[in-house]
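Have a look at data_32.csv below; it lists CSV, C-alpha atoms.
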```
chain,number,residue,atom,x,y,z
O,14,MET,CA,-9.8,13.0,-19.0
O,15,SER,CA,-10.1,15.8,-21.5
O,16,ASP,CA,-9.6,18.7,-19.2
O,17,PRO,CA,-6.8,20.8,-20.8
O,18,ALA,CA,-5.6,21.9,-17.3
O,19,VAL,CA,-4.7,18.3,-16.4
O,20,ARG,CA,-1.4,17.2,-17.8
O,21,SER,CA,-1.5,13.5,-18.7
O,22,VAL,CA,1.7,11.4,-18.8
O,23,THR,CA,1.6,7.7,-19.7
O,24,VAL,CA,4.2,5.5,-18.0
O,25,GLY,CA,4.6,1.8,-17.8
O,26,PRO,CA,3.6,-0.5,-14.9
O,27,ARG,CA,5.5,0.0,-11.6
O,28,PRO,CA,6.8,3.4,-12.4
O,29,GLY,CA,10.1,4.3,-10.8
O,30,LYS,CA,12.7,7.0,-10.6
O,31,ALA,CA,13.0,7.6,-14.4
O,32,GLU,CA,9.2,8.1,-14.8
O,33,ILE,CA,8.2,9.8,-11.6
O,34,ASP,CA,11.1,12.1,-10.7
O,35,GLY,CA,10.7,14.2,-13.8
O,36,LEU,CA,7.1,14.9,-12.9
O,37,LEU,CA,8.0,16.4,-9.4
O,38,PRO,CA,7.2,18.7,-7.9
O,39,VAL,CA,3.5,18.8,-8.5
O,40,PRO,CA,0.7,19.6,-6.1
O,41,ARG,CA,-1.3,16.4,-7.1
O,42,LEU,CA,-0.6,13.2,-8.9
O,43,ILE,CA,-3.3,11.0,-10.3
O,44,VAL,CA,-2.4,7.4,-10.6
O,45,HIS,CA,-4.4,5.2,-13.0
O,46,GLY,CA,-3.2,1.7,-12.6
O,47,ASP,CA,-3.3,-1.3,-10.2
O,48,ASP,CA,-2.4,-1.4,-6.5
O,49,ALA,CA,1.2,-2.2,-7.2
O,50,ASP,CA,1.4,0.9,-9.5
O,51,LEU,CA,0.1,3.0,-6.7
O,52,ALA,CA,2.6,1.5,-4.3
O,53,ALA,CA,5.4,2.2,-6.7
O,54,VAL,CA,4.5,5.9,-7.0
O,55,LEU,CA,4.2,6.1,-3.2
O,56,LEU,CA,7.6,4.6,-2.8
O,57,ARG,CA,9.1,7.1,-5.2
O,58,LEU,CA,7.5,10.0,-3.3
O,59,LEU,CA,8.9,8.6,-0.1
O,60,ARG,CA,12.4,8.3,-1.5
O,61,ARG,CA,12.2,11.8,-2.9
O,62,ASP,CA,10.9,13.3,0.4
O,63,ALA,CA,7.8,14.4,-1.5
O,64,LEU,CA,5.0,12.8,0.6
O,65,ALA,CA,3.3,16.2,0.8
O,66,THR,CA,2.2,15.6,-2.8
O,67,GLU,CA,-1.5,14.8,-3.0
O,68,VAL,CA,-2.2,11.4,-4.6
O,69,ALA,CA,-5.5,10.5,-6.3
O,70,TYR,CA,-6.1,6.9,-7.3
O,71,LEU,CA,-8.0,5.6,-10.4
O,72,PRO,CA,-8.0,1.9,-9.9
O,73,VAL,CA,-8.1,-0.2,-13.1
O,74,SER,CA,-9.9,-3.1,-11.2
O,75,ARG,CA,-13.1,-3.0,-9.3
O,76,ARG,CA,-11.4,-5.6,-7.0
O,77,SER,CA,-8.6,-3.2,-5.9
O,78,ARG,CA,-7.8,-3.7,-2.2
O,79,ALA,CA,-6.2,-0.3,-2.0
O,80,ALA,CA,-9.4,1.3,-3.3
O,81,ALA,CA,-11.6,-0.7,-0.8
O,82,ASN,CA,-9.3,0.0,2.1
O,83,TRP,CA,-9.1,3.8,1.5
O,84,GLY,CA,-12.7,4.2,0.4
O,85,VAL,CA,-11.9,5.2,-3.2
O,86,PRO,CA,-14.6,4.6,-5.8
O,87,THR,CA,-13.8,1.9,-8.3
O,88,ARG,CA,-16.3,3.1,-11.0
O,89,PHE,CA,-14.1,5.1,-13.3
O,90,ASP,CA,-16.3,8.2,-13.7
O,91,ASP,CA,-16.7,8.5,-9.9
O,92,ALA,CA,-12.9,8.0,-9.3
O,93,VAL,CA,-12.1,10.7,-11.9
O,94,ALA,CA,-14.5,13.2,-10.3
O,95,LEU,CA,-12.9,12.5,-6.9
O,96,ALA,CA,-9.4,12.8,-8.3
O,97,ARG,CA,-10.2,16.2,-9.8
O,98,SER,CA,-12.1,17.8,-7.0
O,99,GLY,CA,-11.6,15.7,-3.9
O,100,THR,CA,-9.7,16.8,-0.8
O,101,ALA,CA,-6.4,15.2,0.2
O,102,ARG,CA,-6.0,14.2,3.9
O,103,GLU,CA,-3.0,13.0,5.8
O,104,MET,CA,-3.1,9.2,6.3
O,105,PRO,CA,-0.7,6.6,7.6
O,106,LEU,CA,1.8,5.3,5.0
O,107,VAL,CA,2.5,1.6,5.5
O,108,ARG,CA,6.0,0.4,4.5
O,109,ASP,CA,8.1,-2.6,5.1
O,110,ASP,CA,11.6,-3.2,6.4
O,111,ASN,CA,12.7,-4.4,2.9
O,112,GLY,CA,12.3,-1.0,1.2
O,113,GLY,CA,8.8,-1.3,0.0
O,114,VAL,CA,5.4,0.4,0.5
O,115,LEU,CA,2.1,-1.3,1.0
O,116,ALA,CA,-0.8,0.5,-0.7
O,117,GLY,CA,-3.6,-2.2,-0.2
O,118,ARG,CA,-3.0,-5.8,0.8
O,119,GLY,CA,0.0,-7.8,1.9
O,120,GLU,CA,-0.1,-11.6,2.1
O,121,ILE,CA,2.3,-14.3,3.2
O,122,PRO,CA,1.1,-17.7,2.1
O,123,ASP,CA,2.0,-21.0,3.8
O,124,LEU,CA,3.6,-19.3,6.8
O,125,TYR,CA,5.2,-21.2,9.6
O,126,GLY,CA,6.3,-18.9,12.4
O,127,GLU,CA,5.2,-16.3,14.8
O,128,ALA,CA,3.8,-12.7,14.4
O,129,TYR,CA,3.0,-9.8,16.6
O,130,CYS,CA,0.9,-6.8,15.8
O,131,ASP,CA,2.2,-4.3,18.4
O,132,ALA,CA,2.0,-6.3,21.6
O,133,THR,CA,-0.7,-8.8,20.4
O,134,ARG,CA,0.5,-12.2,19.2
O,135,VAL,CA,-1.5,-12.8,16.1
O,136,LEU,CA,-0.2,-16.2,15.1
O,137,HIS,CA,2.0,-19.0,16.3
O,138,GLY,CA,2.5,-22.1,14.2
O,139,ARG,CA,1.5,-22.8,10.6
O,140,VAL,CA,-1.2,-20.9,8.7
O,141,LYS,CA,-2.3,-21.1,5.1
O,142,MET,CA,-2.2,-17.3,4.7
O,143,LEU,CA,-1.5,-14.2,6.7
O,144,VAL,CA,-3.3,-11.2,5.3
O,145,VAL,CA,-2.4,-7.6,6.3
O,146,ASP,CA,-4.2,-4.5,4.9
O,147,ALA,CA,-2.9,-1.0,4.8
O,148,GLY,CA,-5.5,1.6,5.7
O,149,PRO,CA,-6.5,4.7,7.7
O,150,GLU,CA,-5.7,2.9,11.0
O,151,GLY,CA,-2.3,1.7,10.0
O,152,VAL,CA,-1.9,-2.1,9.6
O,153,HIS,CA,-4.9,-4.4,9.9
O,154,VAL,CA,-4.3,-8.1,10.4
O,155,ARG,CA,-7.3,-10.1,9.0
O,156,ALA,CA,-8.6,-12.8,11.3
O,157,GLY,CA,-8.5,-16.3,9.8
O,158,ARG,CA,-7.8,-19.9,10.8
O,159,GLY,CA,-4.9,-19.7,13.3
O,160,VAL,CA,-4.7,-15.8,12.9
O,161,THR,CA,-6.1,-13.3,15.5
O,162,GLY,CA,-7.4,-10.2,13.8
O,163,THR,CA,-6.3,-6.8,15.1
O,164,THR,CA,-5.2,-3.3,14.0
O,165,GLY,CA,-2.1,-1.5,15.1
O,166,ARG,CA,1.0,0.4,14.2
O,167,ALA,CA,3.2,-2.5,13.1
O,168,ILE,CA,3.3,-6.3,12.5
O,169,GLN,CA,6.5,-8.2,12.9
O,170,ILE,CA,6.9,-11.7,11.5
O,171,GLY,CA,9.5,-14.4,12.1
O,172,THR,CA,9.4,-17.5,10.1
O,173,THR,CA,11.4,-20.6,9.0
O,174,GLY,CA,11.0,-19.2,5.4
O,175,ALA,CA,8.3,-17.6,3.4
O,176,THR,CA,7.7,-15.2,0.4
O,177,PRO,CA,5.6,-12.1,1.1
O,178,VAL,CA,3.3,-10.7,-1.5
O,179,ARG,CA,2.9,-6.9,-1.6
O,180,ASP,CA,-0.1,-5.6,-3.6
O,181,GLY,CA,-0.1,-8.7,-5.8
O,182,ILE,CA,3.7,-8.7,-6.4
O,183,ALA,CA,5.8,-11.5,-4.8
O,184,HIS,CA,9.0,-10.5,-3.0
O,185,PRO,CA,11.9,-11.7,-5.1
O,186,ARG,CA,13.3,-14.0,-2.4
O,187,GLU,CA,12.3,-16.0,0.6
O,188,ILE,CA,12.6,-14.2,4.0
O,189,LYS,CA,13.0,-15.2,7.6
O,190,ARG,CA,11.9,-11.9,9.1
O,191,TRP,CA,9.4,-9.3,7.8
O,192,ALA,CA,7.6,-6.2,9.2
O,193,TRP,CA,5.0,-3.9,7.9
O,194,TYR,CA,4.7,-0.6,9.8
O,195,ARG,CA,3.4,2.9,9.9
O,196,HIS,CA,6.0,5.3,8.5
O,197,THR,CA,6.8,8.4,10.6
O,198,GLU,CA,5.4,10.7,8.0
O,199,PRO,CA,1.9,10.4,6.4
O,200,TRP,CA,1.0,10.4,2.7
O,201,ARG,CA,-1.9,12.6,1.3
O,202,PRO,CA,-4.5,10.5,-0.5
O,203,VAL,CA,-7.5,12.2,-2.1
O,204,LEU,CA,-10.4,10.7,-0.4
O,205,PRO,CA,-14.2,11.1,-0.4
O,206,GLY,CA,-15.9,13.5,2.0
```

How does this structure look as structure tokens?
Amino acid sequence: MSDPAVRSVTVGPRPGKAEIDGLLPVPRLIVHGDDADLAAVLLRLLRRDALATEVAYLPVSRRSRAAANWGVPTRFDDAVALARSGTAREMPLVRDDNGGVLAGRGEIPDLYGEAYCDATRVLHGRVKMLVVDAGPEGVHVRAGRGVTGTTGRAIQIGTTGATPVRDGIAHPREIKRWAWYRHTEPWRPVLPG
């Protein structure tokens, strides 16, 4: 991006308080990274009460689940054009009850337990993988062997012990309970038409 009106700041992966807080307030942030980097920026905006900031995403991988879920192009030139001139819209922010944000995909491998998406029981017993996507409708549970697919406001999981993975990053410890849910305030992604 050679546009002199666009200020470019390089930060490391999973930017946090030290990297993001000094940039705020700005009308629009452009995040060039992976889904976990986008989630880290969204978490910082949430904690700073700055969710009104427009967020454009330039995924580094064509396999980005966040890009697919939100309809963001994965071809770099197309993503740059959208980031510069696209319109931001309010969309549901999906977070979890352990202080994180889900930008694209959450997974819980080798899960033994029970899970409900709103009032729908989506699993009971053992499954190889529970997959939950964040997107314009809130949380979407992907159908699979032993898992009923559905979309809703929240998913609550109880288990004998499992390790959730948020946007490709494993939670640092095993959990017995977990929830992904729509936050009360939206975020403002820059999306195509």

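Restricting the calculation to all atoms listed in the file, the smallest distance between O:His137 and any of O:Leu124, O:Leu55, O:Ala80, O:Val44 is found for O:Leu124.
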
Counting all atoms listed in the file, find the residues whose atoms lie at most 9 Å from (-9.1, 15.5, -5.9) (file coordinates) and write them out as a tab-separated table (two decimals) with C-alpha atoms, in the frame of the given file.
```tsv
chain	number	residue	atom	x	y	z
O	41	ARG	CA	-1.30	16.40	-7.10
O	43	ILE	CA	-3.30	11.00	-10.30
O	67	GLU	CA	-1.50	14.80	-3.00
O	68	VAL	CA	-2.20	11.40	-4.60
O	69	ALA	CA	-5.50	10.50	-6.30
O	93	VAL	CA	-12.10	10.70	-11.90
O	94	ALA	CA	-14.50	13.20	-10.30
O	95	LEU	CA	-12.90	12.50	-6.90
O	96	ALA	CA	-9.40	12.80	-8.30
O	97	ARG	CA	-10.20	16.20	-9.80
O	98	SER	CA	-12.10	17.80	-7.00
O	99	GLY	CA	-11.60	15.70	-3.90
O	100	THR	CA	-9.70	16.80	-0.80
O	101	ALA	CA	-6.40	15.20	0.20
O	202	PRO	CA	-4.50	10.50	-0.50
O	203	VAL	CA	-7.50	12.20	-2.10
O	204	LEU	CA	-10.40	10.70	-0.40
O	205	PRO	CA	-14.20	11.10	-0.40
```

task = Counting only C-alpha atoms, figure out which residue out of O:Arg102, O:His196, O:Arg158, O:Arg75 gets nearest to O:Leu143.
result = O:Arg158

query = Interatomic distance between atom CA of O:Ile188 and atom CA of O:Arg134?
reply =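 Those two atoms sit 19.5 Å apart.
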
inquiry  = Here is a test: counting all atoms listed in the file, which residue of O:Pro40, O:Gly181, O:Gly159, O:Gly29 is nearest to O:Glu120?
reply    =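 For O:Glu120, the nearest of the candidates is O:Gly181.
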
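We find atom CA of O:Glu127 and atom CA of O:Ile170 to be spaced 5.9 Å apart.
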
query = Which residue out of O:Arg155, O:Lys141, O:Arg57, O:Arg78 has the minimum interatomic distance to O:Gly126 when all atoms listed in the file are used?
reply =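 Of all the options, O:Lys141 lies closest to O:Gly126.
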
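Here atom CA of O:Ser77 is placed at a distance of 7.1 Å from atom CA of O:Asp47.
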
query = Using all atoms listed in the file, which of the listed residues (O:Leu51, O:Val140, O:Ala31, O:Val178) sits closest to O:Arg118?
reply =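 Counting all atoms listed in the file, the residue closest to O:Arg118 is O:Val178.
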
Pick from O:His184, O:Lys30, O:Arg139, O:Arg108 nearest to O:Pro199, counting all atoms listed in the file =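 Comparing O:His184, O:Lys30, O:Arg139, O:Arg108 against O:Pro199, the winner is O:Arg108.
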
ask   = So which residues touch O:Trp83 within 7 Å, counting all atoms listed in the file, skipping near sequence neighbours fewer than 2 positions away, as a list in words?
value = Ala79, Ala80, Ala81, Val85, Gly148 and Pro149 of chain O

Padding 8 Å on each side, edges along x, y and z: where is the centre of the box around the listed atoms of stretch 89-92 of chain O, and how long are its edges in Å to one decimal? Output it as lines of an AutoDock Vina configuration file.
```
center_x = -14.8
center_y = 6.8
center_z = -11.5
size_x = 19.8
size_y = 19.4
size_z = 20.4
```
